[in-house]
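Chemist: Provided herewith is a single structure, encoded as C-alpha cells, for subsequent inquiry.
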Amino acid sequence: MKSINLIRIAGHSILKNKMRALLTMLGIVIGVGAVILMVAIGQGATKQIEATVQGLGTNMLVITPGAATAGGVSQGANTFNRLTIEDAEMLREQSYLLAAVSPVVTTRSQIVGGQGNWRAFIFGVHTDYQIIRDWPVEFGVFFDQGDIKAIRKVAVLGNTVAINLFGDEDPIGQQIRIRNVPFTVVGVLTQKGQTASGDDQDDIVLAPYTTVQNRLSGHQFITQILASTFSPDEIEAGQEEIRSIMRDAHGLSESQGDDFTVRNQAELAETAAQTTQVMTLLLSAIAGISLVVGGIGIMNIMLVSVTERTREIGLRMALGARGSDILTQFLVESIVLSSAGGLIGVAVGIAGGLLLGSFTGWAIAISPLTVLIALAFAGSVGVFFGFYPARRAAALDPIDALRYE
C-alpha cells in the first residue's frame, strides 16, 4: 500500500474519534510545548549573560582575594584578602600587557541630596575604571588624576542614583552627603542596565579611590582590582603577567598557591552559562517526562483501537493483506497521532515563549534546531509506543479475527 494511502487511512481513523484523539495527543502537546519553552528560556538567558558579560568592559580581567584555609579546609574564594592599593600601582608600573588598571574600594551607605536620600554602593576607583568598563558619562565629566591625588570629594552618579536623588533636576554641580561627608557631583554615567544576576549596574556612585578609602571605608585592603589588556589576544598572557607580578609582590614561594584569583570575561561568561545550561537541561528533562507519559497514552489508545477493529483486521487479511501491511497501517496511525501532537506542541511552545517574553521582558531564543529535534522526538515516541499495538494487530489470526464479537 502506498504511503500516502496509509497516511490518509490513519487520518480518517483519527478523525472518526476527534475528542479521543485530542485527549490522546495532549501529553505530546504538553511535552513538546514545555521542552521548546524551557530550551527557549535557557538559550535566551545564555545569550543575555554573554551580552551582559561583554558589556562589563573591554578585555577585562578581575583580580579578587583568594581563599583562606583553616585546619586544612579551604574557606572559599574572597575569604583571605591581601589586595592593596599598592598591588594595583605595581601592576600599572610593571606590566607590559595591561592597558588600564584600577583598584576598587567598595562601601555601601545612605546618600543624601537633591529631593531625598538613597542607599547605594560607593565605588572608589581610578580614572582607568572608565576605560576598563567602557562606560562614558552622559552628563558632566569623569573625575581626573588631579582629583585622585588631591583626595577631592567629587562623585560621578550612576543613572539610578541620579534619578532617585534629583529626578528631573540637573545634578551637575550639586552637593550630596555620604556619611555626612559632602561630595560635589561632577558627572552622570550612561545607563548600563542589569547584570546577568539581576543586579542594577546603575545603582552606584563612583569617586576617587583615595577619597573613598580615606574618607569613607578606612580599610587597608581593597575589594578587587580591575585591569584590561590592549587586545583580546593578550588576555591569557595578561593573566599570567598579573599572576607573576602579584606573586612577587606578595612574596609567595613556588610551593605556595596564589592568595588571589585572576579571572577573565570568558571565564565569567562560561561559569554563568554553565549554570544556565544545567538548569535548562534539568527543566527540559522534567518536561520530557510529559512526552513519555504522552507516549504511554498513545500506546493505550492504539491497543483499544486494535481491539475495536479486530473484525476489520480479519476482513483485510481475508482479502489478501499481509501481516506487514497491518503492522505498517497501525504504526503509521501512531506516528500521525504523535506527529500531529508534536506540531500542535510546537505552536503552543512558540506562542508561550512569545507571550512570556512580552509580559516578563525575559530574553527568549527559539531556534529552528530545537523545533526539529522536538518534532523528531515526538515522531520517535509514536514509533516506540505504537510498535507493540501494531505488532499485536499484525499477529492476529484471520479466522479468529473474523469471528471476534
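By convention in this document, the chains of the C-alpha cells carry letters A, B, ... by their order, each chain's residues are numbered from 1, and ligands are numbered from 1 in the order they are shown.
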Residues within 12 Å of A:Asp199, please, as number ranges by chain. Count only C-alpha atoms; anything in the same chain fewer than 4 positions from it doesn't count.

Modeler: A: 52, 120-121, 160, 192-195, 203-204

Chemist: Which residues, written as JSON, numbers by chain, have at least one atom at most 7 Å from stretch 376-388 of chain A, with only C-alpha atoms counted and residues fewer than 2 positions away on the same chain left out?

Modeler: {"A": [28, 295, 296, 298, 299, 302, 331, 334, 335, 338, 339, 342, 372, 373, 374, 390, 391, 392]}

Chemist: Can you work out which one of A:Val262, A:Val39, A:Ile122, A:Ala162 has the shortest atom-to-atom distance to A:Ser217, counting only C-alpha atoms?

Modeler: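 Answer, going by the shortest atom-to-atom distance: A:Ile122.
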
Chemist: At a cut-off of 9 Å, using only C-alpha atoms, what residues contact A:His219? Leave out same-chain residues fewer than 4 positions from it and give the result as a PyMOL selection string.

Modeler: chain A and resi 105+213-214

Chemist: Neighbours of A:Val137 within 9 Å (only C-alpha atoms; same-chain residues fewer than 3 positions away dropped), as a PyMOL selection string?

Modeler: chain A and resi 130+140-142+156+187-190

Chemist: Using N, CA, C and O atoms, can you write the selected residues to a file as an mmCIF file, in the first residue's frame?

Modeler:
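Once everything was written out, this is again38.cif:
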```
data_model
loop_
_atom_site.group_PDB
_atom_site.id
_atom_site.type_symbol
_atom_site.label_atom_id
_atom_site.label_comp_id
_atom_site.auth_asym_id
_atom_site.auth_seq_id
_atom_site.Cartn_x
_atom_site.Cartn_y
_atom_site.Cartn_z
ATOM 1 N N GLN A 130 36.919 53.823 34.028
ATOM 2 C CA GLN A 130 36.025 54.206 32.927
ATOM 3 C C GLN A 130 36.450 53.536 31.623
ATOM 4 O O GLN A 130 35.606 53.136 30.812
ATOM 5 N N GLY A 140 28.033 65.968 32.256
ATOM 6 C CA GLY A 140 29.185 66.363 33.051
ATOM 7 C C GLY A 140 30.461 65.673 32.587
ATOM 8 O O GLY A 140 30.619 65.322 31.419
ATOM 9 N N VAL A 141 31.366 65.436 33.545
ATOM 10 C CA VAL A 141 32.673 64.842 33.238
ATOM 11 C C VAL A 141 32.997 63.776 34.276
ATOM 12 O O VAL A 141 32.361 63.688 35.322
ATOM 13 N N PHE A 142 34.008 62.930 33.944
ATOM 14 C CA PHE A 142 34.558 61.984 34.927
ATOM 15 C C PHE A 142 35.650 62.718 35.696
ATOM 16 O O PHE A 142 36.293 63.623 35.158
ATOM 17 N N VAL A 156 30.728 60.775 40.679
ATOM 18 C CA VAL A 156 30.010 60.536 39.426
ATOM 19 C C VAL A 156 28.878 59.551 39.746
ATOM 20 O O VAL A 156 29.122 58.485 40.304
ATOM 21 N N GLY A 187 29.479 64.377 37.398
ATOM 22 C CA GLY A 187 29.027 63.690 36.181
ATOM 23 C C GLY A 187 27.973 62.638 36.483
ATOM 24 O O GLY A 187 27.785 62.219 37.632
ATOM 25 N N VAL A 188 27.280 62.227 35.419
ATOM 26 C CA VAL A 188 26.301 61.131 35.498
ATOM 27 C C VAL A 188 26.640 60.132 34.393
ATOM 28 O O VAL A 188 26.806 60.504 33.222
ATOM 29 N N LEU A 189 26.768 58.862 34.775
ATOM 30 C CA LEU A 189 27.133 57.815 33.811
ATOM 31 C C LEU A 189 25.969 57.461 32.894
ATOM 32 O O LEU A 189 24.803 57.621 33.266
ATOM 33 N N THR A 190 26.280 56.948 31.713
ATOM 34 C CA THR A 190 25.232 56.420 30.833
ATOM 35 C C THR A 190 24.644 55.152 31.450
ATOM 36 O O THR A 190 25.276 54.507 32.278
#
```

Chemist: Per DSSP on the backbone, filter stretch 142-210 of chain A down to the residues in helix (DSSP H, G or I) and report them as a PyMOL selection string.

Modeler: chain A and resi 145-149+159-166+209-210

Chemist: Any chance you can output those residues with N, CA, C and O atoms as a short mmCIF file (atom, residue, chain, number, x, y, z; two decimals), in the first residue's frame?

Modeler:
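Output below, filename again-v8.cif:
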```cif
data_model
loop_
_atom_site.label_atom_id
_atom_site.label_comp_id
_atom_site.auth_asym_id
_atom_site.auth_seq_id
_atom_site.Cartn_x
_atom_site.Cartn_y
_atom_site.Cartn_z
N GLN A 145 42.97 62.70 37.27
CA GLN A 145 44.10 62.33 38.14
C GLN A 145 44.33 63.35 39.25
O GLN A 145 44.72 63.00 40.37
N GLY A 146 44.10 64.63 38.93
CA GLY A 146 44.28 65.67 39.95
C GLY A 146 43.33 65.47 41.11
O GLY A 146 43.71 65.67 42.29
N ASP A 147 42.08 65.05 40.82
CA ASP A 147 41.11 64.79 41.89
C ASP A 147 41.57 63.63 42.77
O ASP A 147 41.38 63.65 43.99
N ILE A 148 42.20 62.59 42.13
CA ILE A 148 42.67 61.44 42.90
C ILE A 148 43.84 61.84 43.81
O ILE A 148 43.84 61.52 45.00
N LYS A 149 44.79 62.59 43.27
CA LYS A 149 45.96 62.98 44.07
C LYS A 149 45.57 63.93 45.19
O LYS A 149 46.12 63.86 46.30
N ASN A 159 23.06 56.10 36.80
CA ASN A 159 21.78 56.63 36.33
C ASN A 159 20.67 56.46 37.37
O ASN A 159 19.85 57.37 37.57
N THR A 160 20.62 55.31 38.03
CA THR A 160 19.56 55.04 39.02
C THR A 160 19.67 55.99 40.20
O THR A 160 18.66 56.54 40.68
N VAL A 161 20.88 56.22 40.69
CA VAL A 161 21.09 57.12 41.83
C VAL A 161 20.71 58.55 41.45
O VAL A 161 20.03 59.25 42.22
N ALA A 162 21.11 58.97 40.25
CA ALA A 162 20.80 60.34 39.81
C ALA A 162 19.29 60.57 39.74
O ALA A 162 18.78 61.61 40.19
N ILE A 163 18.56 59.60 39.21
CA ILE A 163 17.10 59.75 39.08
C ILE A 163 16.43 59.77 40.45
O ILE A 163 15.54 60.59 40.71
N ASN A 164 16.88 58.88 41.36
CA ASN A 164 16.23 58.82 42.67
C ASN A 164 16.57 60.00 43.57
O ASN A 164 15.79 60.33 44.46
N LEU A 165 17.71 60.63 43.36
CA LEU A 165 18.06 61.78 44.20
C LEU A 165 17.60 63.10 43.59
O LEU A 165 17.11 63.98 44.30
N PHE A 166 17.71 63.21 42.29
CA PHE A 166 17.46 64.52 41.68
C PHE A 166 16.29 64.55 40.70
O PHE A 166 15.89 65.62 40.26
N TYR A 209 39.46 56.72 44.36
CA TYR A 209 39.70 55.67 45.36
C TYR A 209 40.39 56.22 46.60
O TYR A 209 40.19 55.72 47.72
N THR A 210 41.19 57.25 46.41
CA THR A 210 41.86 57.85 47.57
C THR A 210 40.84 58.47 48.53
O THR A 210 40.95 58.36 49.75
#
```

Chemist: To one decimal in Å, tell me the separation between atom CA of A:Leu216 and atom CA of A:Thr84.

Modeler: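 If I compute the distance from atom CA of A:Leu216 to atom CA of A:Thr84, I get 16.1 Å.
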
Chemist: From the set A:Leu402, A:Leu252, A:Ala150, A:Ala340, which residue has the shortest atom-to-atom contact distance to A:Leu319, counting only C-alpha atoms?

Modeler: A:Leu402

Chemist: Write out as a PDB file with N, CA, C and O atoms, in the first residue's frame each polymer residue whose atoms come within 12 Å of A:Ile289, counting only C-alpha atoms; drop sequence neighbours fewer than 3 positions from it.

Modeler:
```pdb
ATOM      1  N   GLY A  27      -0.755  14.756  26.012  1.00  0.00           N
ATOM      2  CA  GLY A  27       0.547  14.553  26.657  1.00  0.00           C
ATOM      3  C   GLY A  27       1.691  14.963  25.752  1.00  0.00           C
ATOM      4  O   GLY A  27       2.663  15.590  26.202  1.00  0.00           O
ATOM      5  N   ILE A  28       1.576  14.622  24.451  1.00  0.00           N
ATOM      6  CA  ILE A  28       2.620  15.014  23.492  1.00  0.00           C
ATOM      7  C   ILE A  28       2.641  16.535  23.331  1.00  0.00           C
ATOM      8  O   ILE A  28       3.710  17.157  23.276  1.00  0.00           O
ATOM      9  N   ILE A  30       1.696  18.867  25.478  1.00  0.00           N
ATOM     10  CA  ILE A  30       2.290  19.497  26.673  1.00  0.00           C
ATOM     11  C   ILE A  30       3.799  19.247  26.706  1.00  0.00           C
ATOM     12  O   ILE A  30       4.584  20.160  26.988  1.00  0.00           O
ATOM     13  N   GLY A  31       4.226  18.030  26.400  1.00  0.00           N
ATOM     14  CA  GLY A  31       5.656  17.707  26.444  1.00  0.00           C
ATOM     15  C   GLY A  31       6.469  18.507  25.448  1.00  0.00           C
ATOM     16  O   GLY A  31       7.475  19.119  25.816  1.00  0.00           O
ATOM     17  N   VAL A  32       6.025  18.522  24.179  1.00  0.00           N
ATOM     18  CA  VAL A  32       6.771  19.262  23.152  1.00  0.00           C
ATOM     19  C   VAL A  32       6.755  20.765  23.449  1.00  0.00           C
ATOM     20  O   VAL A  32       7.791  21.450  23.358  1.00  0.00           O
ATOM     21  N   ALA A  34       6.411  22.259  26.346  1.00  0.00           N
ATOM     22  CA  ALA A  34       7.233  22.558  27.519  1.00  0.00           C
ATOM     23  C   ALA A  34       8.721  22.499  27.181  1.00  0.00           C
ATOM     24  O   ALA A  34       9.502  23.348  27.629  1.00  0.00           O
ATOM     25  N   VAL A  35       9.119  21.489  26.390  1.00  0.00           N
ATOM     26  CA  VAL A  35      10.540  21.379  26.018  1.00  0.00           C
ATOM     27  C   VAL A  35      10.976  22.611  25.229  1.00  0.00           C
ATOM     28  O   VAL A  35      12.034  23.205  25.502  1.00  0.00           O
ATOM     29  N   LEU A 282      17.953  20.358  33.140  1.00  0.00           N
ATOM     30  CA  LEU A 282      17.122  19.796  34.199  1.00  0.00           C
ATOM     31  C   LEU A 282      15.644  20.033  33.899  1.00  0.00           C
ATOM     32  O   LEU A 282      14.824  19.103  33.965  1.00  0.00           O
ATOM     33  N   LEU A 283      15.302  21.274  33.546  1.00  0.00           N
ATOM     34  CA  LEU A 283      13.895  21.597  33.260  1.00  0.00           C
ATOM     35  C   LEU A 283      13.409  20.878  32.004  1.00  0.00           C
ATOM     36  O   LEU A 283      12.263  20.427  31.938  1.00  0.00           O
ATOM     37  N   SER A 284      14.285  20.758  30.988  1.00  0.00           N
ATOM     38  CA  SER A 284      13.904  20.057  29.765  1.00  0.00           C
ATOM     39  C   SER A 284      13.668  18.576  30.037  1.00  0.00           C
ATOM     40  O   SER A 284      12.756  17.962  29.463  1.00  0.00           O
ATOM     41  N   ALA A 285      14.491  17.992  30.925  1.00  0.00           N
ATOM     42  CA  ALA A 285      14.307  16.579  31.269  1.00  0.00           C
ATOM     43  C   ALA A 285      12.969  16.372  31.962  1.00  0.00           C
ATOM     44  O   ALA A 285      12.254  15.393  31.697  1.00  0.00           O
ATOM     45  N   ILE A 286      12.629  17.322  32.849  1.00  0.00           N
ATOM     46  CA  ILE A 286      11.333  17.221  33.531  1.00  0.00           C
ATOM     47  C   ILE A 286      10.201  17.335  32.505  1.00  0.00           C
ATOM     48  O   ILE A 286       9.219  16.582  32.544  1.00  0.00           O
ATOM     49  N   VAL A 292       6.997  11.066  27.533  1.00  0.00           N
ATOM     50  CA  VAL A 292       6.903   9.637  27.827  1.00  0.00           C
ATOM     51  C   VAL A 292       5.474   9.289  28.255  1.00  0.00           C
ATOM     52  O   VAL A 292       4.896   8.284  27.811  1.00  0.00           O
ATOM     53  N   VAL A 293       4.908  10.156  29.121  1.00  0.00           N
ATOM     54  CA  VAL A 293       3.525   9.926  29.563  1.00  0.00           C
ATOM     55  C   VAL A 293       2.583   9.969  28.358  1.00  0.00           C
ATOM     56  O   VAL A 293       1.664   9.145  28.229  1.00  0.00           O
ATOM     57  N   GLY A 294       2.825  10.930  27.449  1.00  0.00           N
ATOM     58  CA  GLY A 294       2.003  11.017  26.236  1.00  0.00           C
ATOM     59  C   GLY A 294       2.144   9.772  25.375  1.00  0.00           C
ATOM     60  O   GLY A 294       1.170   9.287  24.784  1.00  0.00           O
ATOM     61  N   GLY A 295       3.375   9.229  25.297  1.00  0.00           N
ATOM     62  CA  GLY A 295       3.602   8.007  24.522  1.00  0.00           C
ATOM     63  C   GLY A 295       2.843   6.824  25.106  1.00  0.00           C
ATOM     64  O   GLY A 295       2.268   6.008  24.366  1.00  0.00           O
ATOM     65  N   ILE A 296       2.811   6.730  26.441  1.00  0.00           N
ATOM     66  CA  ILE A 296       2.053   5.645  27.085  1.00  0.00           C
ATOM     67  C   ILE A 296       0.570   5.786  26.765  1.00  0.00           C
ATOM     68  O   ILE A 296      -0.133   4.799  26.513  1.00  0.00           O
ATOM     69  N   VAL A 381       8.523   8.889  19.499  1.00  0.00           N
ATOM     70  CA  VAL A 381       7.619   8.407  20.557  1.00  0.00           C
ATOM     71  C   VAL A 381       6.484   7.590  19.927  1.00  0.00           C
ATOM     72  O   VAL A 381       6.091   6.537  20.433  1.00  0.00           O
TER      73      VAL A 381
END
```

Chemist: Which residue gives the smallest distance to A:Gly257 among A:Gly66, A:Arg152, A:Arg311, A:Trp135, with only C-alpha atoms counted?

Modeler: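 Using only C-alpha atoms, A:Gly257 sits closest to A:Gly66.
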
Chemist: As a PyMOL selection string, please: the residues near A:Ile176 (cut-off 12 Å, only C-alpha atoms, same-chain neighbours under 3 positions excluded).

Modeler: chain A and resi 110-118+153-157+161-162+165-166+171-173+179-186+205

Chemist: How would the residues just picked look written out with C-alpha atoms as a PDB file, in the first residue's frame?

Modeler:
```pdb
ATOM      1  CA  GLN A 110      22.922  56.162  52.597  1.00  0.00           C
ATOM      2  CA  ILE A 111      23.307  59.107  50.244  1.00  0.00           C
ATOM      3  CA  VAL A 112      21.521  62.369  50.981  1.00  0.00           C
ATOM      4  CA  GLY A 113      20.999  65.030  48.347  1.00  0.00           C
ATOM      5  CA  GLY A 114      18.579  66.638  45.941  1.00  0.00           C
ATOM      6  CA  GLN A 115      14.997  65.581  46.689  1.00  0.00           C
ATOM      7  CA  GLY A 116      15.722  62.926  49.274  1.00  0.00           C
ATOM      8  CA  ASN A 117      18.045  60.066  50.097  1.00  0.00           C
ATOM      9  CA  TRP A 118      19.034  56.756  48.536  1.00  0.00           C
ATOM     10  CA  LYS A 153      35.354  64.927  47.340  1.00  0.00           C
ATOM     11  CA  VAL A 154      33.839  64.611  43.869  1.00  0.00           C
ATOM     12  CA  ALA A 155      31.419  61.975  42.643  1.00  0.00           C
ATOM     13  CA  VAL A 156      30.010  60.536  39.426  1.00  0.00           C
ATOM     14  CA  LEU A 157      26.496  59.135  39.801  1.00  0.00           C
ATOM     15  CA  VAL A 161      21.090  57.121  41.833  1.00  0.00           C
ATOM     16  CA  ALA A 162      20.801  60.337  39.813  1.00  0.00           C
ATOM     17  CA  LEU A 165      18.063  61.775  44.197  1.00  0.00           C
ATOM     18  CA  PHE A 166      17.460  64.521  41.682  1.00  0.00           C
ATOM     19  CA  PRO A 171      22.624  67.095  39.366  1.00  0.00           C
ATOM     20  CA  ILE A 172      25.868  68.511  37.952  1.00  0.00           C
ATOM     21  CA  GLY A 173      27.494  70.838  40.477  1.00  0.00           C
ATOM     22  CA  ARG A 179      28.123  59.572  55.882  1.00  0.00           C
ATOM     23  CA  ASN A 180      27.975  63.343  56.413  1.00  0.00           C
ATOM     24  CA  VAL A 181      30.891  63.869  54.030  1.00  0.00           C
ATOM     25  CA  PRO A 182      29.914  66.386  51.305  1.00  0.00           C
ATOM     26  CA  PHE A 183      30.661  65.403  47.695  1.00  0.00           C
ATOM     27  CA  THR A 184      30.203  67.530  44.582  1.00  0.00           C
ATOM     28  CA  VAL A 185      28.514  65.772  41.665  1.00  0.00           C
ATOM     29  CA  VAL A 186      30.633  66.219  38.533  1.00  0.00           C
ATOM     30  CA  VAL A 205      28.352  56.179  42.917  1.00  0.00           C
TER      31      VAL A 205
END
```

Chemist: Per DSSP on the backbone, filter stretch 46-173 of chain A down to the residues in strand (DSSP E) and report them as number ranges by chain.

Modeler: A: 60-65, 69-70, 73-74, 98-113, 116-125, 137-140, 154-157

Chemist: Grab the atom CA of A:Val348 to atom CA of A:Leu26 distance for me, in Å with one decimal place.

Modeler: 11.4 Å

Chemist: Give the answer as one residue: which of A:Leu97, A:Leu226, A:Val336, A:Met246 has the shortest atom-to-atom distance to A:Ala21, using only C-alpha atoms?

Modeler: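 Looking at the shortest contact to A:Ala21, the residue is A:Val336.
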